[in-house]
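Source file target35.pdb; content: PDB, C-alpha atoms.
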MODEL        1
ATOM      1  CA  MET A   1       0.000   0.000   0.000
ATOM      2  CA  GLY A   2       1.331   3.443  -0.948
ATOM      3  CA  ARG A   3       0.716   6.719   0.798
ATOM      4  CA  ILE A   4       0.329  10.421   0.151
ATOM      5  CA  ILE A   5       3.545  12.163   1.109
ATOM      6  CA  ALA A   6       2.479  15.779   1.690
ATOM      7  CA  GLY A   7      -0.364  18.250   1.556
ATOM      8  CA  SER A   8      -3.903  18.148   2.867
ATOM      9  CA  ALA A   9      -4.116  14.321   2.857
ATOM     10  CA  ARG A  10      -0.576  13.656   4.095
ATOM     11  CA  GLY A  11      -0.122  10.097   5.323
ATOM     12  CA  ALA A  12      -3.336   8.747   3.767
ATOM     13  CA  ARG A  13      -2.970   5.211   2.434
ATOM     14  CA  ILE A  14      -3.478   4.369  -1.240
ATOM     15  CA  ALA A  15      -4.616   0.857  -2.127
ATOM     16  CA  ALA A  16      -3.336  -1.004  -5.177
ATOM     17  CA  PRO A  17      -5.215  -3.626  -7.169
ATOM     18  CA  LYS A  18      -4.243  -7.240  -6.466
ATOM     19  CA  GLY A  19      -1.540  -8.703  -8.668
ATOM     20  CA  ASP A  20       1.351  -7.010 -10.411
ATOM     21  CA  ALA A  21      -0.563  -5.233 -13.167
ATOM     22  CA  THR A  22       0.235  -1.827 -11.669
ATOM     23  CA  ARG A  23       3.640  -0.411 -10.736
ATOM     24  CA  PRO A  24       3.067   2.422  -8.270
ATOM     25  CA  THR A  25       5.701   5.154  -8.207
ATOM     26  CA  SER A  26       7.966   4.624  -5.205
ATOM     27  CA  ASP A  27       7.804   7.117  -2.340
ATOM     28  CA  ARG A  28      11.436   8.099  -3.030
ATOM     29  CA  VAL A  29      10.723   8.943  -6.677
ATOM     30  CA  LYS A  30       7.418  10.616  -5.816
ATOM     31  CA  GLU A  31       9.076  12.820  -3.196
ATOM     32  CA  ALA A  32      11.844  13.853  -5.602
ATOM     33  CA  LEU A  33       9.312  14.507  -8.364
ATOM     34  CA  PHE A  34       7.044  16.704  -6.275
ATOM     35  CA  SER A  35      10.000  18.630  -4.829
ATOM     36  CA  SER A  36      11.037  19.363  -8.428
ATOM     37  CA  LEU A  37       7.483  20.437  -9.263
ATOM     38  CA  ALA A  38       7.362  22.861  -6.326
ATOM     39  CA  ALA A  39      10.573  24.421  -7.643
ATOM     40  CA  TRP A  40       9.188  24.522 -11.205
ATOM     41  CA  PHE A  41       5.951  26.226 -10.147
ATOM     42  CA  HIS A  42       7.800  28.619  -7.770
ATOM     43  CA  THR A  43       5.920  27.368  -4.691
ATOM     44  CA  VAL A  44       8.767  25.919  -2.601
ATOM     45  CA  ASP A  45       8.142  28.468   0.152
ATOM     46  CA  ASP A  46       4.369  27.852   0.203
ATOM     47  CA  ALA A  47       2.606  25.349   2.441
ATOM     48  CA  PRO A  48       2.702  21.823   0.911
ATOM     49  CA  ASP A  49      -1.053  21.882   0.292
ATOM     50  CA  GLN A  50      -0.469  24.900  -1.982
ATOM     51  CA  HIS A  51       2.493  23.602  -4.030
ATOM     52  CA  LEU A  52       0.266  23.009  -7.071
ATOM     53  CA  ALA A  53      -2.421  25.619  -6.400
ATOM     54  CA  GLY A  54      -4.114  26.662  -9.631
ATOM     55  CA  VAL A  55      -2.446  23.876 -11.666
ATOM     56  CA  ALA A  56      -4.546  21.618 -13.927
ATOM     57  CA  VAL A  57      -3.154  18.062 -13.846
ATOM     58  CA  LEU A  58      -3.674  15.066 -16.131
ATOM     59  CA  ASP A  59      -2.423  11.638 -15.013
ATOM     60  CA  LEU A  60      -2.275   9.089 -17.858
ATOM     61  CA  TYR A  61      -1.909   5.380 -17.060
ATOM     62  CA  ALA A  62      -2.847   6.428 -13.529
ATOM     63  CA  GLY A  63      -2.712   2.946 -11.970
ATOM     64  CA  THR A  64      -3.537   3.445  -8.284
ATOM     65  CA  GLY A  65      -4.026   7.183  -8.838
ATOM     66  CA  GLY A  66      -1.024   7.869  -6.602
ATOM     67  CA  LEU A  67       0.410  10.767  -8.626
ATOM     68  CA  ALA A  68      -3.015  12.305  -9.261
ATOM     69  CA  LEU A  69      -3.937  12.053  -5.572
ATOM     70  CA  GLU A  70      -0.583  13.526  -4.519
ATOM     71  CA  ALA A  71      -1.231  16.458  -6.890
ATOM     72  CA  ALA A  72      -4.731  16.948  -5.453
ATOM     73  CA  SER A  73      -3.346  16.821  -1.910
ATOM     74  CA  ARG A  74      -0.917  19.580  -2.913
ATOM     75  CA  GLY A  75      -3.710  21.875  -4.074
ATOM     76  CA  ALA A  76      -4.034  21.282  -7.827
ATOM     77  CA  SER A  77      -7.184  22.997  -9.090
ATOM     78  CA  THR A  78      -8.201  20.263 -11.543
ATOM     79  CA  VAL A  79      -6.965  16.678 -11.482
ATOM     80  CA  VAL A  80      -8.003  14.019 -13.992
ATOM     81  CA  ALA A  81      -6.775  10.427 -13.686
ATOM     82  CA  VAL A  82      -7.094   8.155 -16.725
ATOM     83  CA  ASP A  83      -6.789   4.380 -16.621
ATOM     84  CA  GLN A  84      -8.974   1.923 -18.481
ATOM     85  CA  HIS A  85      -8.186  -0.956 -16.127
ATOM     86  CA  THR A  86      -7.990   0.568 -12.629
ATOM     87  CA  ALA A  87     -10.624   3.320 -12.571
ATOM     88  CA  ARG A  88     -12.514   1.635  -9.723
ATOM     89  CA  THR A  89      -9.364   1.492  -7.553
ATOM     90  CA  ILE A  90      -8.622   5.157  -8.272
ATOM     91  CA  THR A  91     -12.202   6.148  -7.427
ATOM     92  CA  ASP A  92     -12.022   4.183  -4.156
ATOM     93  CA  ASN A  93      -8.694   5.825  -3.273
ATOM     94  CA  ALA A  94     -10.109   9.288  -3.996
ATOM     95  CA  ARG A  95     -13.123   8.560  -1.805
ATOM     96  CA  ARG A  96     -10.929   7.210   1.015
ATOM     97  CA  THR A  97      -8.590  10.222   0.933
ATOM     98  CA  LYS A  98     -11.460  12.712   0.417
ATOM     99  CA  LEU A  99      -9.564  14.358  -2.449
ATOM    100  CA  PRO A 100     -11.316  15.843  -5.509
ATOM    101  CA  LEU A 101     -10.405  13.822  -8.545
ATOM    102  CA  GLY A 102     -11.939  13.231 -11.952
ATOM    103  CA  VAL A 103     -11.560   9.609 -13.031
ATOM    104  CA  ARG A 104     -11.897   8.433 -16.637
ATOM    105  CA  SER A 105     -12.142   4.743 -17.433
ATOM    106  CA  VAL A 106     -11.037   4.994 -21.070
ATOM    107  CA  ARG A 107      -7.937   4.243 -23.109
ATOM    108  CA  VAL A 108      -5.332   6.975 -22.683
ATOM    109  CA  GLN A 109      -5.353   7.604 -26.443
ATOM    110  CA  GLN A 110      -9.076   8.383 -26.251
ATOM    111  CA  ALA A 111      -8.576  10.818 -23.362
ATOM    112  CA  VAL A 112      -5.731  12.591 -25.161
ATOM    113  CA  ALA A 113      -7.697  12.889 -28.412
ATOM    114  CA  ALA A 114     -10.442  14.835 -26.605
ATOM    115  CA  PRO A 115      -8.822  16.640 -23.649
ATOM    116  CA  GLU A 116     -11.162  18.137 -21.058
ATOM    117  CA  CYS A 117      -9.075  21.327 -20.857
ATOM    118  CA  PRO A 118      -5.525  22.494 -21.475
ATOM    119  CA  PHE A 119      -3.377  20.961 -18.713
ATOM    120  CA  ASP A 120      -0.440  22.649 -17.000
ATOM    121  CA  LEU A 121       1.071  19.373 -15.813
ATOM    122  CA  VAL A 122       0.789  15.911 -17.372
ATOM    123  CA  PHE A 123       2.071  12.642 -15.908
ATOM    124  CA  ILE A 124       2.637   9.749 -18.310
ATOM    125  CA  ASP A 125       3.568   6.608 -16.401
ATOM    126  CA  PRO A 126       2.847   3.618 -18.670
ATOM    127  CA  PRO A 127       3.718   0.024 -17.863
ATOM    128  CA  TYR A 128       7.364  -0.519 -18.745
ATOM    129  CA  ASP A 129       6.405  -2.901 -21.568
ATOM    130  CA  VAL A 130       4.517  -0.165 -23.460
ATOM    131  CA  PRO A 131       6.678   0.552 -26.536
ATOM    132  CA  ALA A 132       8.541   3.857 -26.775
ATOM    133  CA  THR A 133       6.809   4.548 -30.098
ATOM    134  CA  GLU A 134       3.419   4.495 -28.341
ATOM    135  CA  VAL A 135       4.651   6.921 -25.670
ATOM    136  CA  ASN A 136       6.085   9.235 -28.335
ATOM    137  CA  HIS A 137       2.813   9.163 -30.279
ATOM    138  CA  LEU A 138       0.867   9.965 -27.111
ATOM    139  CA  ILE A 139       3.041  13.020 -26.373
ATOM    140  CA  ALA A 140       2.690  14.285 -29.956
ATOM    141  CA  GLN A 141      -1.076  13.698 -29.892
ATOM    142  CA  LEU A 142      -1.406  15.563 -26.590
ATOM    143  CA  ALA A 143       0.411  18.581 -28.044
ATOM    144  CA  ALA A 144      -1.568  18.517 -31.303
ATOM    145  CA  ALA A 145      -4.996  18.101 -29.658
ATOM    146  CA  GLY A 146      -4.742  21.250 -27.535
ATOM    147  CA  GLY A 147      -4.279  19.317 -24.303
ATOM    148  CA  LEU A 148      -1.366  21.450 -23.115
ATOM    149  CA  ALA A 149      -1.459  24.908 -21.569
ATOM    150  CA  PRO A 150       0.984  27.492 -23.026
ATOM    151  CA  GLN A 151       3.562  26.797 -20.296
ATOM    152  CA  ALA A 152       2.958  23.086 -19.720
ATOM    153  CA  LEU A 153       5.232  20.498 -18.196
ATOM    154  CA  VAL A 154       5.019  16.816 -19.161
ATOM    155  CA  VAL A 155       6.682  14.178 -16.969
ATOM    156  CA  VAL A 156       7.237  10.690 -18.383
ATOM    157  CA  GLU A 157       8.241   7.897 -16.000
ATOM    158  CA  ARG A 158      10.106   4.987 -17.623
ATOM    159  CA  SER A 159      12.620   2.267 -16.866
ATOM    160  CA  ARG A 160      16.202   3.470 -17.085
ATOM    161  CA  ARG A 161      16.617   0.920 -19.892
ATOM    162  CA  SER A 162      13.866   2.531 -21.997
ATOM    163  CA  PRO A 163      14.832   5.147 -24.582
ATOM    164  CA  ALA A 164      14.139   8.785 -23.789
ATOM    165  CA  PRO A 165      10.958  10.191 -25.336
ATOM    166  CA  GLN A 166      11.193  11.949 -28.669
ATOM    167  CA  TRP A 167       9.743  15.348 -27.814
ATOM    168  CA  PRO A 168       7.878  17.170 -30.617
ATOM    169  CA  GLY A 169       8.788  20.743 -31.542
ATOM    170  CA  ALA A 170       6.321  22.257 -29.058
ATOM    171  CA  PHE A 171       8.716  21.225 -26.275
ATOM    172  CA  THR A 172      11.444  23.829 -26.035
ATOM    173  CA  ARG A 173      13.258  22.373 -23.034
ATOM    174  CA  THR A 174      13.827  18.762 -21.924
ATOM    175  CA  TRP A 175      15.827  17.073 -19.160
ATOM    176  CA  ASP A 176      16.028  13.784 -17.266
ATOM    177  CA  ARG A 177      16.483  12.645 -13.643
ATOM    178  CA  ARG A 178      17.377   9.065 -12.739
ATOM    179  CA  TYR A 179      16.417   7.325  -9.490
ATOM    180  CA  GLY A 180      17.694   3.733  -9.452
ATOM    181  CA  GLU A 181      15.642   1.735 -11.982
ATOM    182  CA  THR A 182      13.392   4.728 -12.746
ATOM    183  CA  THR A 183      14.075   7.680 -15.021
ATOM    184  CA  LEU A 184      11.864  10.760 -15.061
ATOM    185  CA  HIS A 185      11.870  12.595 -18.393
ATOM    186  CA  PHE A 186      10.665  16.222 -18.307
ATOM    187  CA  GLY A 187       9.473  18.220 -21.306
ATOM    188  CA  ALA A 188       8.427  21.882 -21.096
ATOM    189  CA  THR A 189       6.544  23.849 -23.722
ATOM    190  CA  ASP A 190       7.985  27.234 -22.783
ATOM    191  CA  GLU A 191      11.483  28.374 -21.812
ATOM    192  CA  ASP A 192      10.221  31.233 -19.661
ATOM    193  CA  GLN A 193      10.432  28.950 -16.626
ATOM    194  CA  PRO A 194      13.788  28.604 -14.831
TER
ENDMDL
END

Spit out the file's structure as structure tokens when you get a sec.
Amino acid sequence: MGRIIAGSARGARIAAPKGDATRPTSDRVKEALFSSLAAWFHTVDDAPDQHLAGVAVLDLYAGTGGLALEAASRGASTVVAVDQHTARTITDNARRTKLPLGVRSVRVQQAVAAPECPFDLVFIDPPYDVPATEVNHLIAQLAAAGGLAPQALVVVERSRRSPAPQWPGAFTRTWDRRYGETTLHFGATDEDQP
């Protein structure tokens, strides 16, 4: 069972479906990721439940909903979690943690083709066996379909053995951070951020 690290629901437990079909982000990686996001959004000095205040978040391949719930706990204004296979688990976790979360039980490609709004922050955390070409297509589709805000940040979580995403031209700045077996790939659509 995972947990929410910080914010309004700090310490709340997050259940995972039985079996090994999901691969929740480790607490170590999640903590590093959300520390980076607080720096990116210039909210390091704010209370943890305000680190993502006003940020619209999309979590693709949401699994347990751990990243989406962490974002909601840290004050994100809109959070949508998409997973065709685990929507019930995500809904149960949102109910248990009392965090506002939109859950879509559809294929990620369907959600990206018709985005609910432009998102400021997008998590893409597919199973490691999802081919790199599918991840690259998803990123390109998200940019083309108007799913990204003008200064959006996309974070792709992959195995360190997976190739880095091929970022389309809309992404003006990219970088990576490695944490053991996991690599986080960041792509930003505007260089105005530090």

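As for atom CA of Gln110 of chain A and atom CA of Ile139 of chain A, they are spaced 13.0 Å apart.
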
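Applied to the shown file, the PyMOL selection byres ((chain A and resi 133) around 12) selects the residues Asp129, Val130, Pro131, Ala132, Glu134, Val135, Asn136, His137, Leu138, Ile139, Ala140, Ser162, Pro163, Ala164, Pro165, Gln166 and Trp167 of chain A.
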
Looking at A:Phe123, A:Phe171, A:Tyr179, A:Phe34, which one is nearest to Ala68 of chain A, with distances taken over all atoms listed in the file?
->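 Under the stated criterion, the closest residue is A:Phe123.
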
Hits of the PyMOL selection byres ((chain A and resi 45-59) around 6) in this structure, as an NGL selection string | :A and (7-8 or 38 or 43-44 or 60 or 62 or 68 or 73-81 or 119-123)

Starting from 8 Å padding per side, set up an axis-aligned box that covers all listed atoms of segment 145-163 of chain A and hand over centre and edge lengths in Å, one decimal, as lines of an AutoDock Vina configuration file.
center_x = 5.8
center_y = 14.2
center_z = -22.8
size_x = 37.6
size_y = 42.6
size_z = 29.7

Written as a PyMOL selection string, what is the full residue list that the PyMOL selection byres ((chain A and resi 151) around 10) yields on the file shown?
-> chain A and resi 119-121+148-150+152-153+171+188-193

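Note that atom CA of Thr64 of chain A and atom CA of Trp175 of chain A are 26.1 Å apart.
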
Excluding segment 82-90 of chain A and residues on its chain fewer than 2 positions from it, collect all residues at most 9 Å away from it, counting all atoms listed in the file, and give them as a PyMOL selection string.
-> chain A and resi 14-17+22+58-66+69+80+92-95+101-108+111

Atom CA of Ile124 of chain A and atom CA of Arg158 of chain A are how many Å apart?
-> 8.9 Å
